[in-house]
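See below for the structure under consideration.
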Amino acid sequence: MALINRLLVYTPNSIGLGHLFRTLAVATGIRRCRPDLDILVLTGSSLPQVLLKEGIEVVKLPGIMQEVENESRTYRPRHLSGLGIDHLIRLRKKIIEDVFTFYQPDAVMLEHKLAGLMGEASVLLRQKIAAAGKADEFALIHLSRGNLGRLGIPRVFDFDSERYDLVDLYDYHYILDDASEAAAWRILRESTPGLRDKIFFLGKTTIKTRAELPSRPEVLKRLGLPDQSIILASLGRHGDISGIFSRLLGACETAGLMPDRQLAVILDPYLKEETREELERLGRSVDVIFLPFVFNLIELINISELVVCRAGYNTVNEIQLTGVKAVVIPEHHPSGEQELRAAGLSGNIAVIHEKDVLGGGLTEILPEVLNRKPAPSGYDFNKYEIGRRIIEDLESWAARRQPSS
């Protein structure tokens with residue numbers, strides 16, 4: 001009989017969709033190994049259907065967004081603006097607590113933030129402390145993308161007049177990166193020898209493996225695209241998106257890349273309406289194809305001749321897996337996370353910063369990248385191996401806590 005039958009996953013969403021897709025990759029990786037396992041995800045993402053399509057149940061938390069364009073980078077309700085952020089966090093915390101109480105998971109996984117967004121998942125940490133050493137104790141897992149940028153990691157947690165190290169509360173710290181590429185992960189640098197035994201580098205992941213990618217004709221038919229070479233642009237929604245797009249159009253024209261190629265633009269689901277309208281206005285003269293959010297963007301990346309994109313964890317992994325040529329424009333965040341990731345890219349990928357794009361730098365870099373001799377992709381990220389490792393660890397954890405006969 002299986003010792004782990006219910007998994008509860010918490011993932012925050014306040015800026016983009018990266019956390020949701022990492023959660024999806026890990027959950028489906030686990031599901032392949034244990035199709036009978038119940039998985040319930042708590043998320044504030046506006047796209048819970050991404051998980052539901054894979055048969056993964058979701059409890060939708062009211063949405064929160066971070067105002068990354070402002071220096072304060074404050075949080076606010078995405079839709080329920082009349083509540084105020086403190087009230088909304090209390091509501092989300094109550095939902096999280098009630099779900100835990102009624103679901104009674106054998107394992108709880110928190111993605112990204114150790115105590116959740118604005119500490120809202122602290123209710124799960126309290127449950128772990130209360131159940132420690134008892135029959136109803138559950139395994140507690142932290143899931144991280146690895147590169148957390150330059151910001152410090154809050155580690156102090158106060159509960160019932162006691163002070164705990166957040167990191168020590170967890171049974172496992174899984175890092176979705178290679179040890180050599182996660183040097184910025186401060187928990188590893190600051191850890192004690194005992195804690196290091198809980199830290200595991202599982203390698204990078206994508207939502208699909210290379211073997212699962214469909215053929216070019218299949219993708220073109222499903223998306224209604226012409227059978228032409230594709231320059232794919234996925235510019236996110238932060239920074240001067242209209243300015244970047246305008247420079248991209250100008251660079252394509254100057255370099256003579258059109259009309260032999262089709263420029264396809266992915267519209268971020270959180271993009272401001274006025275920005276969306278400006279992009280569509282700019283793109284009319286050259287017959288740009290605008291696509292709404294694409295669930296399996298990796299499939300479109302795989303059949304593109306060139307990708308112009310940001311330096312998010314998921315997108316960079318998908319580019320590396322497919323081996324497509326790419327021009328990466330890291331978003332600027334106070335953490336420096338995207339800049340740090342972009343600094344390590346090479347081969348088929350060129351990096352240019354937003355200020356250089358706005359200064360006209362794409363005119364030179366686009367044809368240069370297209371004319372590069374293709375470098376073979378040496379990557380084969382496997383979410384199923386990651387899922388197998390996680391579930392085996394959790395079953396071993398549970399077995400050690402079974403009373404001896």
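Simple scheme: letters A, B, ... for chains in structure tokens order, numbers from 1 for residues in each chain, numbers from 1 for ligands in the order shown.
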Once you count only C-alpha atoms, what closest atom pair and distance in Å to one decimal does each residue of range 279-313 of chain A within 9 Å of range 193-208 of chain A have, with rows by chain and rising residue number, as a Markdown table?
| residue | atom | partner | partner_atom | distance |
| --- | --- | --- | --- | --- |
| A:Asn296 | CA | A:Ile207 | CA | 7.8 |
| A:Ile298 | CA | A:Lys208 | CA | 7.6 |
| A:Glu299 | CA | A:Lys208 | CA | 8.7 |
| A:Tyr313 | CA | A:Lys204 | CA | 9.0 |
I need the residues from that last selection saved to file as an mmCIF file, in the first residue's frame (with C-alpha atoms), if you can.
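Below is the file result.cif, written as the result:
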data_model
loop_
_atom_site.group_PDB
_atom_site.id
_atom_site.type_symbol
_atom_site.label_atom_id
_atom_site.label_comp_id
_atom_site.auth_asym_id
_atom_site.auth_seq_id
_atom_site.Cartn_x
_atom_site.Cartn_y
_atom_site.Cartn_z
ATOM 1 C CA ASN A 296 2.426 24.798 -24.778
ATOM 2 C CA ILE A 298 7.578 25.202 -26.167
ATOM 3 C CA GLU A 299 5.910 23.596 -29.195
ATOM 4 C CA TYR A 313 13.434 30.323 -16.111
#
May I have the residues within 9 Å of range 103-118 of chain A as an mmCIF file with N, CA and C atoms, in the first residue's frame, using only C-alpha atoms and disregarding those fewer than 2 positions away in the same chain?
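Saved file result25.cif follows:
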data_model
loop_
_atom_site.group_PDB
_atom_site.id
_atom_site.type_symbol
_atom_site.label_atom_id
_atom_site.label_comp_id
_atom_site.auth_asym_id
_atom_site.auth_seq_id
_atom_site.Cartn_x
_atom_site.Cartn_y
_atom_site.Cartn_z
ATOM 1 N N LEU A 3 2.316 4.874 0.782
ATOM 2 C CA LEU A 3 2.376 5.619 2.030
ATOM 3 C C LEU A 3 2.070 7.097 1.823
ATOM 4 N N ILE A 4 2.180 7.568 0.596
ATOM 5 C CA ILE A 4 1.845 8.946 0.260
ATOM 6 C C ILE A 4 0.680 8.914 -0.722
ATOM 7 N N ASN A 5 -0.480 9.380 -0.290
ATOM 8 C CA ASN A 5 -1.674 9.314 -1.129
ATOM 9 C C ASN A 5 -2.245 10.679 -1.485
ATOM 10 N N ARG A 6 -1.885 11.713 -0.721
ATOM 11 C CA ARG A 6 -2.404 13.055 -0.992
ATOM 12 C C ARG A 6 -1.271 14.070 -0.901
ATOM 13 N N LEU A 7 -1.131 14.820 -1.962
ATOM 14 C CA LEU A 7 -0.116 15.865 -2.018
ATOM 15 C C LEU A 7 -0.816 17.214 -2.166
ATOM 16 N N LEU A 8 -0.456 18.158 -1.299
ATOM 17 C CA LEU A 8 -0.965 19.521 -1.388
ATOM 18 C C LEU A 8 0.183 20.418 -1.841
ATOM 19 N N VAL A 9 -0.051 21.202 -2.893
ATOM 20 C CA VAL A 9 0.984 22.075 -3.447
ATOM 21 C C VAL A 9 0.505 23.514 -3.364
ATOM 22 N N TYR A 10 1.369 24.388 -2.862
ATOM 23 C CA TYR A 10 1.101 25.829 -2.844
ATOM 24 C C TYR A 10 2.078 26.506 -3.790
ATOM 25 N N THR A 11 1.567 27.345 -4.680
ATOM 26 C CA THR A 11 2.439 28.113 -5.557
ATOM 27 C C THR A 11 1.931 29.544 -5.674
ATOM 28 N N PRO A 12 2.807 30.540 -5.482
ATOM 29 C CA PRO A 12 2.366 31.932 -5.574
ATOM 30 C C PRO A 12 2.374 32.407 -7.022
ATOM 31 N N ASN A 13 1.576 33.402 -7.319
ATOM 32 C CA ASN A 13 1.619 34.059 -8.618
ATOM 33 C C ASN A 13 1.293 35.515 -8.434
ATOM 34 N N SER A 14 2.268 36.374 -8.750
ATOM 35 C CA SER A 14 2.040 37.809 -8.588
ATOM 36 C C SER A 14 2.647 38.617 -9.729
ATOM 37 N N HIS A 19 5.844 30.399 -12.115
ATOM 38 C CA HIS A 19 5.626 29.500 -10.979
ATOM 39 C C HIS A 19 4.581 28.439 -11.312
ATOM 40 N N ARG A 22 6.178 25.754 -13.617
ATOM 41 C CA ARG A 22 7.095 24.866 -12.889
ATOM 42 C C ARG A 22 6.309 23.868 -12.057
ATOM 43 N N THR A 23 5.250 24.361 -11.427
ATOM 44 C CA THR A 23 4.399 23.470 -10.641
ATOM 45 C C THR A 23 3.764 22.415 -11.532
ATOM 46 N N LEU A 40 -3.558 18.282 -5.196
ATOM 47 C CA LEU A 40 -4.398 19.473 -5.087
ATOM 48 C C LEU A 40 -3.479 20.686 -5.010
ATOM 49 N N TYR A 75 2.413 44.949 -3.330
ATOM 50 C CA TYR A 75 1.381 44.020 -3.775
ATOM 51 C C TYR A 75 0.016 44.685 -3.671
ATOM 52 N N ILE A 89 -4.990 39.066 1.974
ATOM 53 C CA ILE A 89 -4.058 38.059 2.488
ATOM 54 C C ILE A 89 -4.705 37.247 3.597
ATOM 55 N N ASP A 98 -8.112 26.148 5.679
ATOM 56 C CA ASP A 98 -9.284 25.268 5.579
ATOM 57 C C ASP A 98 -9.036 24.112 4.612
ATOM 58 N N VAL A 99 -8.366 24.387 3.513
ATOM 59 C CA VAL A 99 -8.056 23.322 2.566
ATOM 60 C C VAL A 99 -7.173 22.272 3.227
ATOM 61 N N PHE A 100 -6.169 22.712 3.958
ATOM 62 C CA PHE A 100 -5.300 21.757 4.652
ATOM 63 C C PHE A 100 -6.106 20.914 5.632
ATOM 64 N N THR A 101 -6.956 21.545 6.415
ATOM 65 C CA THR A 101 -7.724 20.849 7.455
ATOM 66 C C THR A 101 -8.610 19.764 6.865
ATOM 67 N N GLU A 120 1.665 34.175 3.758
ATOM 68 C CA GLU A 120 0.329 33.595 3.857
ATOM 69 C C GLU A 120 0.339 32.080 4.071
ATOM 70 N N ALA A 121 1.416 31.395 3.675
ATOM 71 C CA ALA A 121 1.484 29.949 3.856
ATOM 72 C C ALA A 121 2.044 29.560 5.220
ATOM 73 N N SER A 122 2.222 30.549 6.093
ATOM 74 C CA SER A 122 2.719 30.244 7.446
ATOM 75 C C SER A 122 1.770 29.311 8.190
ATOM 76 N N VAL A 123 0.494 29.292 7.792
ATOM 77 C CA VAL A 123 -0.452 28.380 8.437
ATOM 78 C C VAL A 123 -0.038 26.922 8.207
ATOM 79 N N LEU A 124 0.591 26.646 7.071
ATOM 80 C CA LEU A 124 1.068 25.294 6.799
ATOM 81 C C LEU A 124 2.309 24.971 7.624
ATOM 82 N N LEU A 125 3.150 25.965 7.838
ATOM 83 C CA LEU A 125 4.332 25.762 8.671
ATOM 84 C C LEU A 125 3.931 25.497 10.116
ATOM 85 N N ASP A 136 0.197 12.092 12.707
ATOM 86 C CA ASP A 136 -0.350 12.853 11.584
ATOM 87 C C ASP A 136 0.681 13.809 10.967
ATOM 88 N N GLU A 137 1.961 13.622 11.268
ATOM 89 C CA GLU A 137 2.970 14.487 10.664
ATOM 90 C C GLU A 137 3.020 14.263 9.149
ATOM 91 N N PHE A 138 3.219 15.324 8.416
ATOM 92 C CA PHE A 138 3.315 15.248 6.963
ATOM 93 C C PHE A 138 4.695 15.714 6.534
ATOM 94 N N ALA A 139 5.107 15.255 5.367
ATOM 95 C CA ALA A 139 6.391 15.693 4.808
ATOM 96 C C ALA A 139 6.238 17.112 4.278
ATOM 97 N N LEU A 140 7.244 17.949 4.507
ATOM 98 C CA LEU A 140 7.215 19.341 4.053
ATOM 99 C C LEU A 140 8.354 19.556 3.059
ATOM 100 N N ILE A 141 7.985 20.017 1.860
ATOM 101 C CA ILE A 141 8.943 20.152 0.764
ATOM 102 C C ILE A 141 8.980 21.586 0.265
ATOM 103 N N HIS A 142 10.181 22.074 -0.006
ATOM 104 C CA HIS A 142 10.339 23.370 -0.657
ATOM 105 C C HIS A 142 10.853 23.140 -2.064
ATOM 106 N N LEU A 143 10.233 23.816 -3.033
ATOM 107 C CA LEU A 143 10.611 23.688 -4.435
ATOM 108 C C LEU A 143 11.102 25.045 -4.932
ATOM 109 N N SER A 144 12.296 25.063 -5.498
ATOM 110 C CA SER A 144 12.894 26.327 -5.927
ATOM 111 C C SER A 144 13.430 26.205 -7.336
ATOM 112 N N ARG A 145 13.420 27.320 -8.089
ATOM 113 C CA ARG A 145 13.993 27.322 -9.430
ATOM 114 C C ARG A 145 15.516 27.402 -9.384
ATOM 115 N N LEU A 148 17.746 32.584 -7.229
ATOM 116 C CA LEU A 148 16.796 33.474 -6.555
ATOM 117 C C LEU A 148 17.221 34.929 -6.642
ATOM 118 N N ILE A 153 17.102 35.980 1.757
ATOM 119 C CA ILE A 153 16.000 35.050 1.986
ATOM 120 C C ILE A 153 15.587 35.131 3.455
ATOM 121 N N PRO A 154 14.364 35.601 3.758
ATOM 122 C CA PRO A 154 13.918 35.647 5.156
ATOM 123 C C PRO A 154 13.843 34.238 5.727
ATOM 124 N N ARG A 155 14.455 34.048 6.887
ATOM 125 C CA ARG A 155 14.514 32.685 7.427
ATOM 126 C C ARG A 155 13.929 32.560 8.825
ATOM 127 N N PHE A 157 11.158 32.478 11.655
ATOM 128 C CA PHE A 157 9.730 32.235 11.761
ATOM 129 C C PHE A 157 9.371 32.116 13.242
ATOM 130 N N LEU A 166 13.206 28.969 9.208
ATOM 131 C CA LEU A 166 12.302 28.497 8.165
ATOM 132 C C LEU A 166 12.886 27.333 7.377
ATOM 133 N N VAL A 167 14.154 27.435 7.042
ATOM 134 C CA VAL A 167 14.776 26.420 6.210
ATOM 135 C C VAL A 167 14.817 25.073 6.925
ATOM 136 N N LEU A 394 9.644 10.832 -0.805
ATOM 137 C CA LEU A 394 8.506 10.988 0.103
ATOM 138 C C LEU A 394 8.046 9.643 0.651
ATOM 139 N N ALA A 398 8.018 8.593 4.589
ATOM 140 C CA ALA A 398 6.847 8.045 5.285
ATOM 141 C C ALA A 398 7.146 6.676 5.890
#
Could you give me the residues within range 129-304 of chain A that DSSP places in alpha helix (DSSP H), as a ChimeraX atom specification?
-> /A:129-131,166-169,186-190,193-196,216-223,241-254,273-283,297-302
Output for the residues just chosen: C-alpha atoms as a PDB file, in the first residue's frame:
ATOM      1  CA  ILE A 129       5.402  22.284  13.871  1.00  0.00           C
ATOM      2  CA  ALA A 130       2.283  21.076  15.679  1.00  0.00           C
ATOM      3  CA  ALA A 131       2.400  17.625  14.022  1.00  0.00           C
ATOM      4  CA  LEU A 166      12.302  28.497   8.165  1.00  0.00           C
ATOM      5  CA  VAL A 167      14.776  26.420   6.210  1.00  0.00           C
ATOM      6  CA  ASP A 168      15.168  23.849   8.988  1.00  0.00           C
ATOM      7  CA  LEU A 169      11.402  23.250   9.133  1.00  0.00           C
ATOM      8  CA  ARG A 186      21.838  31.508  -0.680  1.00  0.00           C
ATOM      9  CA  ILE A 187      20.334  28.725   1.403  1.00  0.00           C
ATOM     10  CA  LEU A 188      23.063  26.383   0.200  1.00  0.00           C
ATOM     11  CA  ARG A 189      25.830  28.834   1.041  1.00  0.00           C
ATOM     12  CA  GLU A 190      24.419  29.571   4.491  1.00  0.00           C
ATOM     13  CA  PRO A 193      26.106  20.323   7.423  1.00  0.00           C
ATOM     14  CA  GLY A 194      22.812  18.818   8.637  1.00  0.00           C
ATOM     15  CA  LEU A 195      20.780  21.069   6.420  1.00  0.00           C
ATOM     16  CA  ARG A 196      22.891  20.277   3.384  1.00  0.00           C
ATOM     17  CA  ARG A 216       5.896  21.186 -37.318  1.00  0.00           C
ATOM     18  CA  PRO A 217       2.788  20.482 -39.470  1.00  0.00           C
ATOM     19  CA  GLU A 218       0.792  19.622 -36.347  1.00  0.00           C
ATOM     20  CA  VAL A 219       1.710  22.872 -34.617  1.00  0.00           C
ATOM     21  CA  LEU A 220       1.096  25.036 -37.692  1.00  0.00           C
ATOM     22  CA  LYS A 221      -2.325  23.474 -38.222  1.00  0.00           C
ATOM     23  CA  ARG A 222      -3.389  23.808 -34.608  1.00  0.00           C
ATOM     24  CA  LEU A 223      -2.387  27.484 -34.427  1.00  0.00           C
ATOM     25  CA  ILE A 241       7.106  46.603 -24.510  1.00  0.00           C
ATOM     26  CA  SER A 242       5.880  48.949 -27.235  1.00  0.00           C
ATOM     27  CA  GLY A 243       9.377  50.408 -27.623  1.00  0.00           C
ATOM     28  CA  ILE A 244      10.984  46.960 -27.852  1.00  0.00           C
ATOM     29  CA  PHE A 245       8.418  45.812 -30.406  1.00  0.00           C
ATOM     30  CA  SER A 246       8.876  48.936 -32.502  1.00  0.00           C
ATOM     31  CA  ARG A 247      12.658  48.372 -32.561  1.00  0.00           C
ATOM     32  CA  LEU A 248      12.099  44.711 -33.454  1.00  0.00           C
ATOM     33  CA  LEU A 249       9.944  45.678 -36.444  1.00  0.00           C
ATOM     34  CA  GLY A 250      12.531  48.219 -37.550  1.00  0.00           C
ATOM     35  CA  ALA A 251      15.382  45.727 -37.225  1.00  0.00           C
ATOM     36  CA  CYS A 252      13.510  43.090 -39.236  1.00  0.00           C
ATOM     37  CA  GLU A 253      12.868  45.612 -42.009  1.00  0.00           C
ATOM     38  CA  THR A 254      16.429  46.974 -42.072  1.00  0.00           C
ATOM     39  CA  GLU A 273      -4.989  46.752 -22.826  1.00  0.00           C
ATOM     40  CA  GLU A 274      -3.468  50.015 -24.047  1.00  0.00           C
ATOM     41  CA  THR A 275      -0.146  48.258 -24.681  1.00  0.00           C
ATOM     42  CA  ARG A 276      -1.877  45.442 -26.535  1.00  0.00           C
ATOM     43  CA  GLU A 277      -3.662  47.961 -28.775  1.00  0.00           C
ATOM     44  CA  GLU A 278      -0.394  49.783 -29.488  1.00  0.00           C
ATOM     45  CA  LEU A 279       1.342  46.539 -30.488  1.00  0.00           C
ATOM     46  CA  GLU A 280      -1.502  45.639 -32.821  1.00  0.00           C
ATOM     47  CA  ARG A 281      -1.395  49.109 -34.379  1.00  0.00           C
ATOM     48  CA  LEU A 282       2.355  48.863 -34.958  1.00  0.00           C
ATOM     49  CA  GLY A 283       2.080  45.368 -36.419  1.00  0.00           C
ATOM     50  CA  LEU A 297       4.663  27.634 -25.940  1.00  0.00           C
ATOM     51  CA  ILE A 298       7.578  25.202 -26.167  1.00  0.00           C
ATOM     52  CA  GLU A 299       5.910  23.596 -29.195  1.00  0.00           C
ATOM     53  CA  LEU A 300       5.934  26.918 -31.061  1.00  0.00           C
ATOM     54  CA  ILE A 301       9.481  27.681 -29.897  1.00  0.00           C
ATOM     55  CA  ASN A 302      10.571  24.323 -31.281  1.00  0.00           C
TER      56      ASN A 302
END
Tell me, as a count of residues only, which residues lie within 10 Å of Lys325 in chain A, counting only C-alpha atoms; anything in the same chain fewer than 4 positions away does not count.
-> 22
Which residues come within 10 Å of Gly44 in chain A, counting only C-alpha atoms, excluding same-chain residues fewer than 3 positions away, as a PyMOL selection string?
-> chain A and resi 10-14+20+41+47-48+58-65+78+92
Next, write the just-selected residues to a file, as a PDB file, in the first residue's frame, keeping N, CA and C atoms as the atom set.
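Produced file selection05.pdb, reproduced below:
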ATOM      1  N   TYR A  10       1.369  24.388  -2.862  1.00  0.00           N
ATOM      2  CA  TYR A  10       1.101  25.829  -2.844  1.00  0.00           C
ATOM      3  C   TYR A  10       2.078  26.506  -3.790  1.00  0.00           C
ATOM      4  N   THR A  11       1.567  27.345  -4.680  1.00  0.00           N
ATOM      5  CA  THR A  11       2.439  28.113  -5.557  1.00  0.00           C
ATOM      6  C   THR A  11       1.931  29.544  -5.674  1.00  0.00           C
ATOM      7  N   PRO A  12       2.807  30.540  -5.482  1.00  0.00           N
ATOM      8  CA  PRO A  12       2.366  31.932  -5.574  1.00  0.00           C
ATOM      9  C   PRO A  12       2.374  32.407  -7.022  1.00  0.00           C
ATOM     10  N   ASN A  13       1.576  33.402  -7.319  1.00  0.00           N
ATOM     11  CA  ASN A  13       1.619  34.059  -8.618  1.00  0.00           C
ATOM     12  C   ASN A  13       1.293  35.515  -8.434  1.00  0.00           C
ATOM     13  N   SER A  14       2.268  36.374  -8.750  1.00  0.00           N
ATOM     14  CA  SER A  14       2.040  37.809  -8.588  1.00  0.00           C
ATOM     15  C   SER A  14       2.647  38.617  -9.729  1.00  0.00           C
ATOM     16  N   LEU A  20       3.534  28.856 -12.001  1.00  0.00           N
ATOM     17  CA  LEU A  20       2.471  27.918 -12.370  1.00  0.00           C
ATOM     18  C   LEU A  20       3.009  26.806 -13.261  1.00  0.00           C
ATOM     19  N   VAL A  41      -3.700  21.656  -5.880  1.00  0.00           N
ATOM     20  CA  VAL A  41      -2.835  22.829  -5.960  1.00  0.00           C
ATOM     21  C   VAL A  41      -3.583  24.074  -5.508  1.00  0.00           C
ATOM     22  N   LEU A  47      -4.770  31.469 -14.550  1.00  0.00           N
ATOM     23  CA  LEU A  47      -4.921  30.395 -15.534  1.00  0.00           C
ATOM     24  C   LEU A  47      -4.955  29.020 -14.871  1.00  0.00           C
ATOM     25  N   PRO A  48      -5.873  28.802 -13.926  1.00  0.00           N
ATOM     26  CA  PRO A  48      -5.931  27.494 -13.273  1.00  0.00           C
ATOM     27  C   PRO A  48      -6.253  26.362 -14.233  1.00  0.00           C
ATOM     28  N   VAL A  58      -7.551  22.038  -8.503  1.00  0.00           N
ATOM     29  CA  VAL A  58      -7.080  23.365  -8.127  1.00  0.00           C
ATOM     30  C   VAL A  58      -8.065  24.026  -7.170  1.00  0.00           C
ATOM     31  N   VAL A  59      -7.530  24.682  -6.157  1.00  0.00           N
ATOM     32  CA  VAL A  59      -8.308  25.645  -5.369  1.00  0.00           C
ATOM     33  C   VAL A  59      -7.750  27.012  -5.724  1.00  0.00           C
ATOM     34  N   LYS A  60      -8.589  27.824  -6.352  1.00  0.00           N
ATOM     35  CA  LYS A  60      -8.163  29.128  -6.842  1.00  0.00           C
ATOM     36  C   LYS A  60      -8.230  30.158  -5.720  1.00  0.00           C
ATOM     37  N   LEU A  61      -7.068  30.732  -5.391  1.00  0.00           N
ATOM     38  CA  LEU A  61      -7.005  31.823  -4.426  1.00  0.00           C
ATOM     39  C   LEU A  61      -7.278  33.143  -5.149  1.00  0.00           C
ATOM     40  N   PRO A  62      -7.940  34.101  -4.499  1.00  0.00           N
ATOM     41  CA  PRO A  62      -8.127  35.410  -5.129  1.00  0.00           C
ATOM     42  C   PRO A  62      -6.771  35.994  -5.538  1.00  0.00           C
ATOM     43  N   GLY A  63      -6.725  36.587  -6.723  1.00  0.00           N
ATOM     44  CA  GLY A  63      -5.460  36.994  -7.319  1.00  0.00           C
ATOM     45  C   GLY A  63      -4.794  38.183  -6.645  1.00  0.00           C
ATOM     46  N   ILE A  64      -3.464  38.169  -6.684  1.00  0.00           N
ATOM     47  CA  ILE A  64      -2.623  39.263  -6.190  1.00  0.00           C
ATOM     48  C   ILE A  64      -1.636  39.606  -7.297  1.00  0.00           C
ATOM     49  N   MET A  65      -1.314  40.878  -7.438  1.00  0.00           N
ATOM     50  CA  MET A  65      -0.283  41.262  -8.394  1.00  0.00           C
ATOM     51  C   MET A  65       0.726  42.182  -7.724  1.00  0.00           C
ATOM     52  N   ARG A  78      -5.516  41.710  -7.451  1.00  0.00           N
ATOM     53  CA  ARG A  78      -5.608  41.780  -8.908  1.00  0.00           C
ATOM     54  C   ARG A  78      -6.995  42.242  -9.349  1.00  0.00           C
ATOM     55  N   ARG A  92      -6.991  34.760   1.879  1.00  0.00           N
ATOM     56  CA  ARG A  92      -6.229  33.675   1.262  1.00  0.00           C
ATOM     57  C   ARG A  92      -5.662  32.730   2.313  1.00  0.00           C
TER      58      ARG A  92
END
Near Val328 in chain A, counting only C-alpha atoms, which residues have an atom at most 10 Å away, once you skip same-chain residues fewer than 6 positions from it, shown as an mmCIF file with N, CA and C atoms, in the first residue's frame?
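Writing the result to out_30.cif gives the following:
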data_model
loop_
_atom_site.group_PDB
_atom_site.id
_atom_site.type_symbol
_atom_site.label_atom_id
_atom_site.label_comp_id
_atom_site.auth_asym_id
_atom_site.auth_seq_id
_atom_site.Cartn_x
_atom_site.Cartn_y
_atom_site.Cartn_z
ATOM 1 N N SER A 234 8.172 36.854 -27.772
ATOM 2 C CA SER A 234 7.429 36.736 -26.508
ATOM 3 C C SER A 234 8.071 37.730 -25.548
ATOM 4 N N LEU A 235 7.471 38.911 -25.451
ATOM 5 C CA LEU A 235 8.124 40.048 -24.791
ATOM 6 C C LEU A 235 7.626 40.315 -23.381
ATOM 7 N N VAL A 307 13.810 33.081 -31.904
ATOM 8 C CA VAL A 307 12.932 33.516 -30.817
ATOM 9 C C VAL A 307 13.529 34.769 -30.188
ATOM 10 N N VAL A 308 12.692 35.788 -30.006
ATOM 11 C CA VAL A 308 13.087 36.995 -29.283
ATOM 12 C C VAL A 308 12.242 37.018 -28.017
ATOM 13 N N CYS A 309 12.884 36.981 -26.857
ATOM 14 C CA CYS A 309 12.120 36.740 -25.636
ATOM 15 C C CYS A 309 12.829 37.313 -24.410
ATOM 16 N N ARG A 310 12.195 37.130 -23.266
ATOM 17 C CA ARG A 310 12.760 37.500 -21.974
ATOM 18 C C ARG A 310 13.585 36.340 -21.416
ATOM 19 N N ALA A 311 14.134 36.542 -20.208
ATOM 20 C CA ALA A 311 15.051 35.546 -19.643
ATOM 21 C C ALA A 311 14.447 34.820 -18.452
ATOM 22 N N GLY A 312 13.144 34.534 -18.532
ATOM 23 C CA GLY A 312 12.516 33.753 -17.471
ATOM 24 C C GLY A 312 13.030 32.326 -17.446
ATOM 25 N N THR A 315 11.203 29.897 -20.049
ATOM 26 C CA THR A 315 11.484 30.211 -21.448
ATOM 27 C C THR A 315 12.917 29.851 -21.818
ATOM 28 N N VAL A 316 13.858 30.194 -20.970
ATOM 29 C CA VAL A 316 15.266 29.870 -21.260
ATOM 30 C C VAL A 316 15.459 28.363 -21.338
ATOM 31 N N ILE A 319 14.139 27.104 -24.675
ATOM 32 C CA ILE A 319 15.051 27.442 -25.764
ATOM 33 C C ILE A 319 16.245 26.487 -25.765
ATOM 34 N N GLN A 338 16.758 37.706 -13.627
ATOM 35 C CA GLN A 338 16.850 37.450 -15.071
ATOM 36 C C GLN A 338 18.220 37.843 -15.623
ATOM 37 N N ALA A 342 20.677 35.348 -17.611
ATOM 38 C CA ALA A 342 21.085 35.676 -18.973
ATOM 39 C C ALA A 342 22.601 35.709 -19.119
ATOM 40 N N LEU A 345 24.301 32.581 -20.589
ATOM 41 C CA LEU A 345 23.826 32.005 -21.847
ATOM 42 C C LEU A 345 24.853 32.196 -22.963
ATOM 43 N N ILE A 349 22.293 31.371 -28.365
ATOM 44 C CA ILE A 349 21.569 32.448 -27.691
ATOM 45 C C ILE A 349 22.457 33.678 -27.548
ATOM 46 N N ALA A 350 21.930 34.830 -27.962
ATOM 47 C CA ALA A 350 22.596 36.110 -27.738
ATOM 48 C C ALA A 350 21.774 36.915 -26.748
ATOM 49 N N VAL A 351 22.440 37.671 -25.902
ATOM 50 C CA VAL A 351 21.763 38.465 -24.869
ATOM 51 C C VAL A 351 21.969 39.938 -25.170
ATOM 52 N N ILE A 352 20.890 40.704 -25.083
ATOM 53 C CA ILE A 352 20.964 42.152 -25.242
ATOM 54 C C ILE A 352 20.036 42.780 -24.216
ATOM 55 N N HIS A 353 20.476 43.823 -23.557
ATOM 56 C CA HIS A 353 19.667 44.449 -22.513
ATOM 57 C C HIS A 353 18.709 45.469 -23.117
ATOM 58 N N GLU A 354 17.647 45.740 -22.375
ATOM 59 C CA GLU A 354 16.556 46.557 -22.906
ATOM 60 C C GLU A 354 17.033 47.933 -23.376
#
Which residue, A:Asp86, A:Arg237, A:Asp393, A:Gln49, has the smallest gap to His332 in chain A when you use only C-alpha atoms?
->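 When distances to His332 in chain A are compared using only C-alpha atoms, the smallest one comes from A:Arg237.
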May I have the residues within 6 Å of range 26-35 of chain A as an MDAnalysis selection string, using only C-alpha atoms and disregarding those fewer than 5 positions away in the same chain?
-> chainID A and resid 383:384 387:388
So that I have them on file, write out the residues from the current selection with N, CA and C atoms, as a PDB file, in the first residue's frame.
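Below is the file that was written, out29.pdb:
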ATOM      1  N   LYS A 383      11.166  15.918 -16.729  1.00  0.00           N
ATOM      2  CA  LYS A 383      10.317  16.120 -15.557  1.00  0.00           C
ATOM      3  C   LYS A 383       9.897  14.799 -14.926  1.00  0.00           C
ATOM      4  N   TYR A 384       9.887  13.724 -15.697  1.00  0.00           N
ATOM      5  CA  TYR A 384       9.460  12.434 -15.154  1.00  0.00           C
ATOM      6  C   TYR A 384      10.509  11.846 -14.214  1.00  0.00           C
ATOM      7  N   GLY A 387      10.030  13.830 -11.079  1.00  0.00           N
ATOM      8  CA  GLY A 387       8.861  13.341 -10.347  1.00  0.00           C
ATOM      9  C   GLY A 387       9.130  12.028  -9.642  1.00  0.00           C
ATOM     10  N   ARG A 388       9.842  11.126 -10.328  1.00  0.00           N
ATOM     11  CA  ARG A 388      10.180   9.837  -9.714  1.00  0.00           C
ATOM     12  C   ARG A 388      11.027  10.032  -8.480  1.00  0.00           C
TER      13      ARG A 388
END
